[in-house]
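K.L.:
For reference, this is input28.cif, and it has mmCIF, C-alpha atoms and all ligand atoms.
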data_entry
#
loop_
_atom_site.label_atom_id
_atom_site.label_comp_id
_atom_site.auth_asym_id
_atom_site.auth_seq_id
_atom_site.Cartn_x
_atom_site.Cartn_y
_atom_site.Cartn_z
CA MET A 6 -159.28 94.83 -47.70
CA PRO A 7 -159.22 92.87 -50.97
CA GLN A 8 -155.85 93.04 -52.72
CA ILE A 9 -155.87 90.46 -55.48
CA THR A 10 -159.46 89.93 -56.57
CA ALA A 11 -160.98 91.23 -59.78
CA ALA A 12 -163.01 93.75 -57.78
CA VAL A 13 -159.76 95.68 -57.13
CA PRO A 14 -159.48 98.14 -60.02
CA ARG A 15 -156.25 97.96 -62.01
CA ALA A 16 -153.36 99.92 -60.44
CA THR A 17 -155.38 100.85 -57.34
CA TYR A 18 -152.43 100.43 -54.99
CA GLY A 19 -150.15 102.71 -56.98
CA TYR A 20 -150.95 105.35 -54.36
CA LEU A 21 -149.01 103.32 -51.77
CA ALA A 22 -145.94 103.24 -54.02
CA ARG A 23 -146.30 106.99 -54.49
CA GLY A 24 -146.44 107.51 -50.72
CA ILE A 25 -143.14 105.65 -50.34
CA LYS A 26 -141.59 107.34 -53.35
CA ASP A 27 -142.30 110.73 -51.76
CA VAL A 28 -140.02 109.93 -48.80
CA VAL A 29 -137.16 107.81 -50.22
CA LYS A 30 -134.43 108.41 -52.77
CA ILE A 31 -134.19 104.88 -54.14
CA PRO A 32 -136.29 103.30 -56.89
CA VAL A 33 -139.77 102.20 -55.84
CA ILE A 34 -141.57 99.25 -57.42
CA ALA A 35 -145.39 99.20 -57.47
CA SER A 36 -147.37 95.97 -57.51
CA HIS A 37 -150.86 94.38 -57.39
CA ARG A 38 -153.41 94.31 -60.21
CA ILE A 39 -151.03 95.57 -62.89
CA ASN A 40 -151.89 93.30 -65.78
CA ASP A 41 -151.21 95.40 -68.84
CA PRO A 42 -148.14 97.30 -70.13
CA LYS A 43 -150.28 100.38 -70.79
CA VAL A 44 -151.25 100.52 -67.11
CA ALA A 45 -147.60 100.07 -66.12
CA ARG A 46 -146.41 102.83 -68.45
CA GLU A 47 -149.04 105.23 -67.11
CA MET A 48 -148.09 104.55 -63.49
CA ILE A 49 -144.44 105.23 -64.22
CA ALA A 50 -145.18 108.26 -66.40
CA ASP A 51 -147.49 109.72 -63.75
CA GLY A 52 -144.71 109.45 -61.16
CA LEU A 53 -146.40 106.85 -58.91
CA CYS A 54 -143.42 104.50 -59.10
CA ASP A 55 -140.16 103.81 -60.96
CA MET A 56 -140.90 100.22 -61.94
CA VAL A 57 -143.76 97.76 -61.68
CA ALA A 58 -143.88 94.16 -60.50
CA MET A 59 -146.12 91.68 -62.27
CA GLY A 60 -146.85 88.29 -60.76
CA ARG A 61 -149.96 86.60 -62.05
CA SER A 62 -149.83 88.55 -65.31
CA LEU A 63 -146.63 86.65 -66.15
CA ILE A 64 -148.14 83.34 -65.09
CA VAL A 65 -150.95 83.78 -67.62
CA ASP A 66 -148.71 85.13 -70.36
CA PRO A 67 -144.96 84.63 -69.83
CA TYR A 68 -144.41 86.40 -73.15
CA LEU A 69 -146.06 89.63 -71.97
CA PRO A 70 -142.76 91.61 -71.73
CA GLN A 71 -141.61 90.35 -75.12
CA LYS A 72 -144.96 91.21 -76.72
CA ALA A 73 -144.77 94.69 -75.18
CA LYS A 74 -141.22 95.14 -76.46
CA GLU A 75 -142.19 94.02 -79.97
CA GLN A 76 -145.33 96.22 -80.05
CA LYS A 77 -147.61 93.21 -80.08
CA GLU A 78 -149.66 94.18 -77.07
CA HIS A 79 -152.87 93.16 -78.82
CA GLU A 80 -151.57 89.57 -78.51
CA ILE A 81 -151.30 89.62 -74.71
CA ILE A 82 -153.52 87.29 -72.66
CA HIS A 83 -154.34 89.26 -69.53
CA CYS A 84 -154.66 87.99 -65.98
CA ILE A 85 -158.33 88.42 -65.04
CA ALA A 86 -157.64 88.26 -61.28
CA CYS A 87 -160.06 85.35 -60.85
CA ALA A 88 -157.63 83.58 -58.48
CA GLN A 89 -159.28 80.29 -59.47
CA GLY A 90 -156.17 78.51 -60.70
CA CYS A 91 -153.41 80.24 -58.71
CA PHE A 92 -154.31 81.40 -55.18
CA ASP A 93 -157.27 79.04 -54.78
CA ASN A 94 -154.99 76.13 -55.66
CA LEU A 95 -152.33 77.30 -53.20
CA PHE A 96 -154.93 77.39 -50.41
CA LYS A 97 -155.67 73.73 -51.27
CA LEU A 98 -151.91 72.97 -51.20
CA LYS A 99 -152.01 72.25 -54.94
CA HIS A 100 -149.54 73.61 -57.49
CA VAL A 101 -150.40 76.74 -59.44
CA GLU A 102 -152.59 76.48 -62.52
CA CYS A 103 -154.39 79.19 -64.47
CA LEU A 104 -157.90 79.68 -65.79
CA CYS A 105 -156.74 81.59 -68.86
CA ASN A 106 -153.65 79.53 -69.71
CA PRO A 107 -154.24 75.78 -69.41
CA ARG A 108 -150.52 75.00 -69.88
CA VAL A 109 -149.54 76.62 -66.57
CA GLY A 110 -148.25 74.03 -64.13
CA HIS A 111 -148.27 71.36 -66.86
CA GLU A 112 -145.78 72.90 -69.29
CA LYS A 113 -144.03 69.67 -70.29
CA LYS A 114 -147.05 67.37 -70.36
CA ARG A 115 -149.16 69.89 -72.22
CA ALA A 116 -146.60 71.01 -74.80
CA ILE A 117 -148.23 71.97 -78.10
CA ILE A 118 -146.76 69.65 -80.71
CA LYS A 119 -147.57 69.83 -84.42
CA SER A 120 -149.74 66.97 -85.54
CA ASN A 121 -148.26 64.69 -88.20
CA LYS A 122 -151.70 64.23 -89.75
CA ILE A 123 -153.57 67.44 -90.51
CA LYS A 124 -157.29 67.06 -89.81
CA LYS A 125 -160.38 69.08 -90.60
CA VAL A 126 -162.08 69.78 -87.25
CA MET A 127 -165.51 71.35 -86.71
CA VAL A 128 -165.71 73.21 -83.39
CA ILE A 129 -169.35 73.90 -82.54
CA GLY A 130 -169.64 76.75 -80.05
CA GLY A 131 -167.55 79.93 -79.84
CA GLY A 132 -167.41 80.38 -76.06
CA ALA A 133 -164.26 79.99 -73.98
CA ALA A 134 -164.03 76.21 -74.42
CA GLY A 135 -164.62 76.32 -78.18
CA MET A 136 -162.18 79.18 -78.76
CA ILE A 137 -159.39 77.55 -76.73
CA SER A 138 -159.94 74.34 -78.72
CA ALA A 139 -159.81 76.21 -82.02
CA ILE A 140 -156.63 78.11 -81.05
CA THR A 141 -154.85 74.94 -79.88
CA LEU A 142 -155.95 72.94 -82.93
CA ALA A 143 -154.68 75.70 -85.22
CA ASP A 144 -151.33 75.77 -83.39
CA ARG A 145 -151.05 72.05 -83.97
CA GLY A 146 -151.53 72.58 -87.70
CA HIS A 147 -155.14 71.39 -88.02
CA ARG A 148 -157.75 73.12 -90.16
CA VAL A 149 -160.54 74.46 -87.95
CA LEU A 150 -164.11 75.45 -88.71
CA LEU A 151 -165.41 77.42 -85.70
CA TYR A 152 -169.18 77.93 -85.44
CA GLU A 153 -171.09 80.28 -83.16
CA LYS A 154 -174.85 80.73 -83.14
CA CYS A 155 -174.68 84.36 -81.93
CA SER A 156 -173.32 87.34 -83.83
CA LYS A 157 -170.00 87.36 -81.98
CA LEU A 158 -167.61 84.93 -80.29
CA GLY A 159 -167.40 84.88 -76.48
CA GLY A 160 -170.48 82.98 -75.28
CA GLN A 161 -171.06 82.87 -71.55
CA LEU A 162 -167.92 84.92 -70.83
CA TYR A 163 -170.05 88.02 -71.44
CA ILE A 164 -172.54 86.87 -68.80
CA ALA A 165 -169.67 86.11 -66.39
CA ALA A 166 -168.40 89.67 -66.99
CA ALA A 167 -171.69 91.39 -66.11
CA PRO A 168 -171.63 91.40 -62.27
CA PRO A 169 -169.78 94.23 -60.53
CA GLY A 170 -166.05 93.62 -60.28
CA ARG A 171 -166.07 90.84 -62.89
CA GLU A 172 -165.45 93.00 -65.97
CA GLU A 173 -162.09 91.33 -66.61
CA PHE A 174 -163.96 88.28 -67.98
CA ARG A 175 -164.86 90.46 -70.96
CA VAL A 176 -161.13 91.12 -71.41
CA PHE A 177 -160.58 87.34 -71.55
CA ALA A 178 -163.27 87.05 -74.24
CA ASP A 179 -161.57 89.84 -76.22
CA ASP A 180 -158.12 88.24 -75.76
CA LEU A 181 -159.38 84.88 -77.04
CA VAL A 182 -161.08 86.50 -80.03
CA ALA A 183 -157.78 88.27 -80.82
CA GLN A 184 -155.94 84.92 -80.63
CA VAL A 185 -158.51 83.27 -82.92
CA ASN A 186 -158.15 86.13 -85.41
CA LEU A 187 -154.36 85.83 -85.34
CA ARG A 188 -154.76 82.28 -86.64
CA ASN A 189 -157.20 83.15 -89.42
CA SER A 190 -155.19 81.17 -91.95
CA ASN A 191 -156.10 77.99 -90.02
CA ILE A 192 -159.47 78.98 -88.49
CA ASP A 193 -162.60 79.79 -90.50
CA ILE A 194 -165.14 81.59 -88.29
CA TYR A 195 -168.89 81.22 -88.88
CA THR A 196 -170.99 83.43 -86.59
CA ASN A 197 -174.83 83.58 -86.66
CA THR A 198 -174.70 79.91 -87.62
CA ASN A 199 -176.74 77.12 -86.11
CA VAL A 200 -175.02 73.83 -86.77
CA ASP A 201 -177.33 70.98 -87.72
CA ILE A 202 -176.66 67.47 -88.86
CA ASP A 203 -176.98 68.41 -92.57
CA LEU A 204 -174.21 71.00 -92.21
CA ILE A 205 -172.00 68.42 -90.52
CA LYS A 206 -172.67 65.89 -93.30
CA ARG A 207 -171.87 68.51 -95.94
CA GLU A 208 -168.57 69.47 -94.31
CA ASN A 209 -167.72 65.84 -93.48
CA PRO A 210 -165.00 66.71 -90.90
CA ASP A 211 -162.41 64.29 -89.51
CA HIS A 212 -163.31 65.28 -85.95
CA ILE A 213 -165.97 67.32 -84.12
CA ILE A 214 -165.71 69.25 -80.87
CA ILE A 215 -169.07 70.06 -79.28
CA ALA A 216 -168.80 73.14 -77.06
CA THR A 217 -172.40 74.31 -77.14
CA GLY A 218 -172.55 75.46 -73.52
CA SER A 219 -175.64 75.38 -71.35
CA SER A 220 -178.97 77.15 -70.87
CA PRO A 221 -180.80 78.13 -67.67
CA VAL A 222 -183.43 75.71 -66.39
CA LEU A 223 -186.71 76.54 -64.64
CA PRO A 224 -187.29 74.58 -61.42
CA PRO A 225 -190.73 72.93 -61.00
CA ILE A 226 -192.11 75.47 -58.51
CA PRO A 227 -195.91 75.88 -58.51
CA GLY A 228 -196.84 79.25 -60.01
CA ILE A 229 -193.54 79.72 -61.89
CA ASP A 230 -195.25 79.83 -65.28
CA LYS A 231 -198.23 81.97 -64.27
CA SER A 232 -198.72 85.40 -65.72
CA TYR A 233 -200.90 88.14 -64.26
CA ILE A 234 -203.02 90.93 -65.65
CA GLU A 235 -202.31 94.35 -64.22
CA GLN A 236 -203.45 97.87 -65.08
CA VAL A 237 -200.61 100.22 -66.05
CA TYR A 238 -200.39 103.55 -67.86
CA LEU A 239 -198.89 103.13 -71.34
CA PRO A 240 -198.35 105.83 -73.98
CA ASP A 241 -200.16 105.65 -77.34
CA ASN A 242 -198.75 106.82 -80.72
CA ASN A 243 -199.36 110.45 -79.69
CA ASN A 244 -197.54 109.90 -76.41
CA ILE A 245 -200.75 110.21 -74.39
CA CYS A 246 -200.92 107.71 -71.52
CA HIS A 247 -203.92 105.44 -71.05
CA LEU A 248 -204.72 102.91 -68.35
CA THR A 249 -204.07 99.60 -70.13
CA MET A 250 -204.43 95.95 -69.11
CA VAL A 251 -201.02 94.26 -69.42
CA GLU A 252 -200.16 90.60 -69.01
CA PHE A 253 -196.83 90.06 -67.29
CA SER A 254 -194.82 87.47 -65.40
CA ARG A 255 -192.93 88.25 -62.23
CA VAL A 256 -190.42 85.54 -63.01
CA VAL A 257 -187.20 86.28 -64.92
CA ASN A 258 -184.00 84.30 -65.28
CA ALA A 259 -180.63 85.43 -63.95
CA TRP A 260 -178.86 85.41 -67.32
CA ASP A 261 -181.44 87.82 -68.76
CA VAL A 262 -181.04 90.07 -65.70
CA LEU A 263 -177.25 90.10 -66.05
CA GLN A 264 -177.57 91.10 -69.70
CA ASN A 265 -180.07 93.89 -68.86
CA ARG A 266 -182.69 92.21 -71.04
CA VAL A 267 -185.48 92.32 -68.47
CA TYR A 268 -186.98 94.73 -65.99
CA THR A 269 -186.91 94.01 -62.25
CA GLY A 270 -188.88 95.84 -59.58
CA GLU A 271 -187.84 97.29 -56.25
CA HIS A 272 -188.32 94.12 -54.19
CA VAL A 273 -186.47 91.18 -55.71
CA VAL A 274 -186.12 87.58 -54.59
CA VAL A 275 -183.30 85.56 -56.13
CA ILE A 276 -183.99 81.82 -56.00
CA GLY A 277 -180.65 79.99 -55.81
CA GLY A 278 -177.57 81.10 -53.88
CA GLY A 279 -174.87 79.58 -56.08
CA ALA A 280 -172.31 81.75 -57.87
CA VAL A 281 -174.81 83.00 -60.47
CA GLY A 282 -177.47 83.78 -57.83
CA VAL A 283 -175.03 85.70 -55.65
CA GLU A 284 -173.55 87.64 -58.56
CA THR A 285 -177.00 88.49 -59.90
CA ALA A 286 -178.05 89.68 -56.45
CA MET A 287 -174.96 91.90 -56.25
CA PHE A 288 -175.57 93.18 -59.79
CA LEU A 289 -179.10 94.24 -58.80
CA ALA A 290 -178.09 95.54 -55.38
CA GLN A 291 -175.68 98.00 -57.03
CA LYS A 292 -178.49 99.57 -59.07
CA GLY A 293 -178.96 103.15 -57.92
CA THR A 294 -175.60 103.40 -56.14
CA LEU A 295 -173.17 106.18 -57.07
CA SER A 296 -170.85 105.48 -59.97
CA ALA A 297 -167.10 105.82 -59.40
CA GLU A 298 -167.07 109.05 -61.42
CA ALA A 299 -170.03 110.57 -59.56
CA LEU A 300 -168.48 109.58 -56.24
CA LYS A 301 -165.17 111.29 -57.05
CA PHE A 302 -166.96 114.39 -58.35
CA LEU A 303 -169.16 114.75 -55.27
CA PHE A 304 -166.23 113.96 -52.96
CA VAL A 305 -163.75 116.48 -54.39
CA ASN A 306 -166.46 119.15 -54.45
CA ARG A 307 -167.34 118.27 -50.84
CA ALA A 308 -170.99 118.00 -51.89
CA GLU A 309 -171.76 115.61 -49.02
CA ARG A 310 -170.03 114.35 -45.91
CA PRO A 311 -167.84 111.23 -46.51
CA GLU A 312 -170.17 109.02 -44.48
CA ILE A 313 -173.16 110.10 -46.61
CA LEU A 314 -171.14 109.38 -49.76
CA TYR A 315 -170.28 105.95 -48.35
CA GLU A 316 -173.99 105.24 -47.87
CA MET A 317 -174.77 106.42 -51.40
CA ALA A 318 -171.98 104.24 -52.83
CA THR A 319 -173.15 101.10 -51.05
CA LYS A 320 -176.94 101.33 -50.77
CA GLY A 321 -178.87 100.85 -53.98
CA THR A 322 -182.56 101.29 -54.72
CA LYS A 323 -183.58 97.63 -54.60
CA LYS A 324 -184.21 95.26 -51.70
CA ILE A 325 -182.76 91.87 -52.51
CA THR A 326 -183.30 88.52 -50.79
CA ILE A 327 -181.51 85.32 -51.80
CA VAL A 328 -183.26 82.03 -51.00
CA GLU A 329 -180.90 79.06 -50.86
CA MET A 330 -181.63 75.43 -49.93
CA MET A 331 -178.12 74.68 -48.66
CA ASN A 332 -176.56 76.07 -45.49
CA LYS A 333 -174.33 78.60 -47.28
CA VAL A 334 -174.28 80.77 -50.38
CA GLY A 335 -171.62 80.99 -53.06
CA GLN A 336 -170.27 77.47 -52.50
CA GLU A 337 -168.46 77.51 -55.85
CA PHE A 338 -166.36 80.57 -54.96
CA GLY A 339 -162.78 79.77 -53.99
CA LYS A 340 -161.13 80.71 -50.69
CA SER A 341 -159.44 83.77 -52.21
CA THR A 342 -162.68 85.42 -53.31
CA ARG A 343 -165.52 84.06 -51.13
CA TRP A 344 -164.82 86.30 -48.14
CA VAL A 345 -164.81 89.37 -50.41
CA MET A 346 -168.14 88.29 -51.85
CA LEU A 347 -169.66 87.82 -48.36
CA GLN A 348 -168.34 91.21 -47.26
CA ASP A 349 -169.84 92.90 -50.35
CA MET A 350 -173.19 91.19 -49.82
CA GLU A 351 -173.37 92.46 -46.26
CA ARG A 352 -172.34 95.97 -47.28
CA LEU A 353 -174.97 96.05 -50.02
CA GLY A 354 -177.65 94.92 -47.57
CA ILE A 355 -178.56 91.68 -49.36
CA SER A 356 -180.68 89.39 -47.14
CA VAL A 357 -180.17 85.65 -47.24
CA LYS A 358 -182.53 82.81 -46.29
CA LEU A 359 -180.51 79.62 -45.88
CA LYS A 360 -181.84 76.05 -45.64
CA SER A 361 -184.99 77.42 -47.23
CA ARG A 362 -187.17 76.07 -50.05
CA VAL A 363 -189.54 78.04 -52.25
CA VAL A 364 -192.86 76.17 -52.26
CA GLU A 365 -194.91 78.54 -54.40
CA ILE A 366 -194.68 81.68 -56.51
CA THR A 367 -197.76 83.84 -56.00
CA GLN A 368 -199.07 87.08 -57.44
CA ASP A 369 -197.42 88.99 -54.57
CA GLY A 370 -194.11 87.16 -54.17
CA ILE A 371 -193.06 83.75 -52.91
CA VAL A 372 -194.00 81.31 -50.17
CA VAL A 373 -190.90 79.83 -48.61
CA GLU A 374 -190.29 77.05 -46.12
CA THR A 375 -187.54 78.13 -43.70
CA PRO A 376 -186.11 76.41 -40.58
CA ASP A 377 -188.39 78.77 -38.59
CA GLY A 378 -191.56 77.87 -40.48
CA VAL A 379 -193.39 78.89 -43.63
CA GLU A 380 -193.35 82.58 -44.57
CA GLU A 381 -194.31 84.80 -47.46
CA ILE A 382 -191.84 87.25 -48.97
CA MET A 383 -193.34 90.06 -51.05
CA ALA A 384 -191.54 90.57 -54.33
CA ASP A 385 -192.08 92.52 -57.53
CA SER A 386 -189.65 90.26 -59.37
CA ILE A 387 -188.42 86.72 -58.85
CA VAL A 388 -185.08 85.88 -60.40
CA ILE A 389 -184.40 82.22 -61.13
CA ALA A 390 -180.77 81.25 -60.57
CA THR A 391 -181.16 77.55 -59.92
CA GLY A 392 -178.64 76.37 -62.46
CA SER A 393 -178.44 75.43 -66.09
CA ALA A 394 -178.51 72.30 -68.22
CA SER A 395 -176.11 71.18 -70.95
CA ASN A 396 -176.98 72.06 -74.55
CA ASN A 397 -176.11 68.70 -76.04
CA ALA A 398 -179.06 67.87 -78.29
CA LEU A 399 -176.68 67.28 -81.21
CA VAL A 400 -174.73 64.54 -79.45
CA PRO A 401 -177.02 61.53 -80.21
CA GLU A 402 -177.24 62.52 -83.89
CA ILE A 403 -173.48 63.02 -84.23
CA ASP A 404 -172.96 59.71 -82.48
CA LYS A 405 -174.60 57.94 -85.44
CA LEU A 406 -172.27 59.52 -88.03
CA ASN A 407 -169.14 57.52 -87.37
CA ILE A 408 -167.09 60.70 -86.93
CA PRO A 409 -164.98 60.91 -83.75
CA PHE A 410 -166.11 63.70 -81.42
CA ASP A 411 -165.55 65.26 -78.00
CA VAL A 412 -168.06 67.05 -75.79
CA ILE A 413 -166.44 69.76 -73.66
CA GLY A 414 -167.26 72.49 -71.15
CA ASP A 415 -170.84 73.10 -70.05
CA ALA A 416 -172.12 70.99 -72.95
CA LYS A 417 -170.52 68.00 -71.16
CA SER A 418 -171.25 68.96 -67.58
CA VAL A 419 -172.13 72.39 -66.22
CA GLY A 420 -169.11 73.78 -64.35
CA MET A 421 -166.75 76.71 -63.97
CA ALA A 422 -164.98 78.63 -66.77
CA PHE A 423 -161.73 77.04 -65.53
CA ASP A 424 -163.04 73.54 -66.39
CA ALA A 425 -164.35 74.65 -69.78
CA VAL A 426 -161.00 76.18 -70.80
CA HIS A 427 -158.95 73.21 -69.62
CA GLN A 428 -161.26 70.65 -71.25
CA GLY A 429 -161.20 72.63 -74.50
CA PHE A 430 -157.42 72.69 -74.52
CA LEU A 431 -157.00 69.01 -73.67
CA ALA A 432 -159.51 67.86 -76.30
CA ALA A 433 -157.54 69.78 -78.95
CA LEU A 434 -154.24 68.37 -77.68
CA ASN A 435 -155.44 64.81 -78.17
CA ILE A 436 -156.63 65.09 -81.79
S1 LIG A 501 -155.88 81.81 -62.44
FE1 LIG A 501 -156.87 83.79 -62.78
S2 LIG A 501 -155.89 85.12 -61.27
FE2 LIG A 501 -154.61 83.34 -61.40
S3 LIG A 501 -153.03 83.89 -62.89
FE3 LIG A 501 -154.70 82.86 -64.02
S4 LIG A 501 -156.05 84.50 -64.71
FE4 LIG A 501 -154.72 85.36 -63.13
#
Show me the file's structure as structure tokens.
Ligand code: SF4
P.N.:
Amino acid sequence: MPQITAAVPRATYGYLARGIKDVVKIPVIASHRINDPKVAREMIADGLCDMVAMGRSLIVDPYLPQKAKEQKEHEIIHCIACAQGCFDNLFKLKHVECLCNPRVGHEKKRAIIKSNKIKKVMVIGGGAAGMISAITLADRGHRVLLYEKCSKLGGQLYIAAAPPGREEFRVFADDLVAQVNLRNSNIDIYTNTNVDIDLIKRENPDHIIIATGSSPVLPPIPGIDKSYIEQVYLPDNNNICHLTMVEFSRVVNAWDVLQNRVYTGEHVVVIGGGAVGVETAMFLAQKGTLSAEALKFLFVNRAERPEILYEMATKGTKKITIVEMMNKVGQEFGKSTRWVMLQDMERLGISVKLKSRVVEITQDGIVVETPDGVEEIMADSIVIATGSASNNALVPEIDKLNIPFDVIGDAKSVGMAFDAVHQGFLAALNI
């Protein structure tokens, strides 16, 4: 039973505190996944407990109680229950760190000290790494110009937040945006802006931080770029359907799937069993399952037997197969979360082909080489989750300008959000 992962909804275990409170006459303290004062207040007001305990929430933001007391709750950085810096580190016998707060565990060495020379710094990229850099630079007194090519700050955090149980990553994006906005006297934000070398020359900054992230790459699999002609019924302007020839590709990339930008059919093969592949598979496997609200409604009205409701909550409408070349999936997941992920995959009925290589994408699916021989898997959609490559095209041009620069996060080397945040912070600390 997961207790600490992000898949556990906030305040879930309040019912246990309530059970104890019903039979004792002393104060009862609730705990686990309470990461916001509003949640805590509700639990106490609803009579589930008398007090709450916060652990990781105070690791991320030791000022949480003070901010709550001073009615500055919009300034809180929430624990996103990723376990990447705290529990995962403990399992490796390392000291506690934190994805969302790069100072944790390094408080003295990573103290934020005002710079004695104020610099104008261009931060290119408004994802986690870029925002942490901008916030830290502003706190050190520098003047920051923060550029983002999309219409809002947040970058890949929104993709990380898409799979089921990962919604707290969106909260981290929102918290960072709030922190950037709090420093608006030091940070100028430019969204919808593509930075090119002319813009850099015009601004002539003292330092540049390149945090341009990464983009998915297509592996060189025969047939990956082929499209097919199929007859489908499409409506005309008068809403009358006609049999029409349509050109389509079965191949989509995982990031587009996670952002609901593309259609996938009933039978789906996900190529790549890393974190993105597994999370995309789980995202698709949940399609057609009962929502939490529907489940509660049907349950309290005794519409179906509990075992039928369980089936409906765990079995979606798609058949998913992950094909992975290595001997296990989800290698990047830490010890605290990997077992939960494996348990969810089994429950959702996701099939896995390990030590297997896709040799061709055909009109009907894929041809795959497995330890038991070559086989064909029928698929309506093939999702590519074989990794991404750094967006660092600007680096060689900036290199010629004689302006000091740092490349951080995925733009330097594709990694985890933890690495991006820590690199962003450290780059800003050293300017
Ligand atoms: S590493 Fe993740 S789970 Fe641990 S305290 Fe930080 S945000 Fe919370």
K.L.:
Please provide the set of residues having any atom within 6 Å of Glu374 of chain A, restricted to all atoms listed in the file, with same-chain residues fewer than 3 positions apart removed, written as a list in words.
P.N.:
Ser361, Arg362, Gly378 and Val379 of chain A
K.L.:
Please identify all protein, DNA and RNA residues within 10 Å of ligand LIG 501 (chain A), counting all atoms listed in the file, and report them as a ChimeraX atom specification.
P.N.:
/A:9-11,38,40,60-66,82-94,101-107,109,173-174,177,341,423
K.L.:
Segment 103-171 of chain A near segment 277-285 of chain A within 10 Å: what's each residue's closest atom pair and its distance in Å to one decimal, counting all atoms listed in the file, ordered by chain then ascending residue number, as a Markdown table?
P.N.:
| residue | atom | partner | partner_atom | distance |
| --- | --- | --- | --- | --- |
| A:Ile164 | CA | A:Val281 | CA | 9.5 |
| A:Ala165 | CA | A:Val281 | CA | 8.4 |
| A:Ala167 | CA | A:Glu284 | CA | 8.6 |
| A:Pro168 | CA | A:Glu284 | CA | 5.6 |
| A:Pro169 | CA | A:Glu284 | CA | 7.8 |
| A:Gly170 | CA | A:Glu284 | CA | 9.7 |
| A:Arg171 | CA | A:Glu284 | CA | 9.2 |
K.L.:
Would you mind reading off the distance between atom CA of Ala318 of chain A and atom CA of Met346 of chain A, one decimal, in Å?
P.N.:
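Going from atom CA of Ala318 of chain A over to atom CA of Met346 of chain A, I get 16.4 Å.
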K.L.:
Select all residues near (-202.5, 104.3, -69.7) (cut-off 7 Å, inclusive, file coordinates), counting only C-alpha atoms, and output them as a list of chain:residue names.
P.N.:
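Protein and nucleic acid residues near the point are A:Val237, A:Tyr238, A:Leu239, A:Pro240, A:Cys246, A:His247, A:Leu248, A:Thr249.
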K.L.:
Produce a file of the selected residues containing C-alpha atoms, as a compact mmCIF listing (two decimals), in the frame of the given file.
P.N.:
# COMPACT_ATOMS: atom_id res chain seq x y z
CA VAL A 237 -200.61 100.22 -66.05
CA TYR A 238 -200.39 103.55 -67.86
CA LEU A 239 -198.89 103.13 -71.34
CA PRO A 240 -198.35 105.83 -73.98
CA CYS A 246 -200.92 107.71 -71.52
CA HIS A 247 -203.92 105.44 -71.05
CA LEU A 248 -204.72 102.91 -68.35
CA THR A 249 -204.07 99.60 -70.13
K.L.:
Would you mind listing what lies within 10 Å of segment 205-219 of chain A as a VMD selection string, with all atoms listed in the file counted and same-chain residues fewer than 3 positions away left out?
P.N.:
chain A and resid 123 to 136 138 to 139 148 to 154 160 to 161 200 to 202 222 392 to 400 403 406 to 420 425 428 to 429 432 to 433 436
K.L.:
Provide the atom CA of Phe430 of chain A to atom CA of Lys122 of chain A distance in Å, to one decimal place.
P.N.:
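These two atoms are separated by 18.3 Å.
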K.L.:
So the first atom is atom CA of Phe96 of chain A and the second is atom CA of Lys340 of chain A; what is the distance between them in Å, to one decimal place?
P.N.:
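Atom CA of Lys340 of chain A lies at a distance of 7.0 Å from atom CA of Phe96 of chain A.
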K.L.:
Name all residues at most 6 Å from segment 258-271 of chain A (count all atoms listed in the file; drop same-chain ones fewer than 4 positions away) and give them as JSON, numbers by chain.
P.N.:
{"A": [167, 323, 385, 386, 388, 389, 390]}
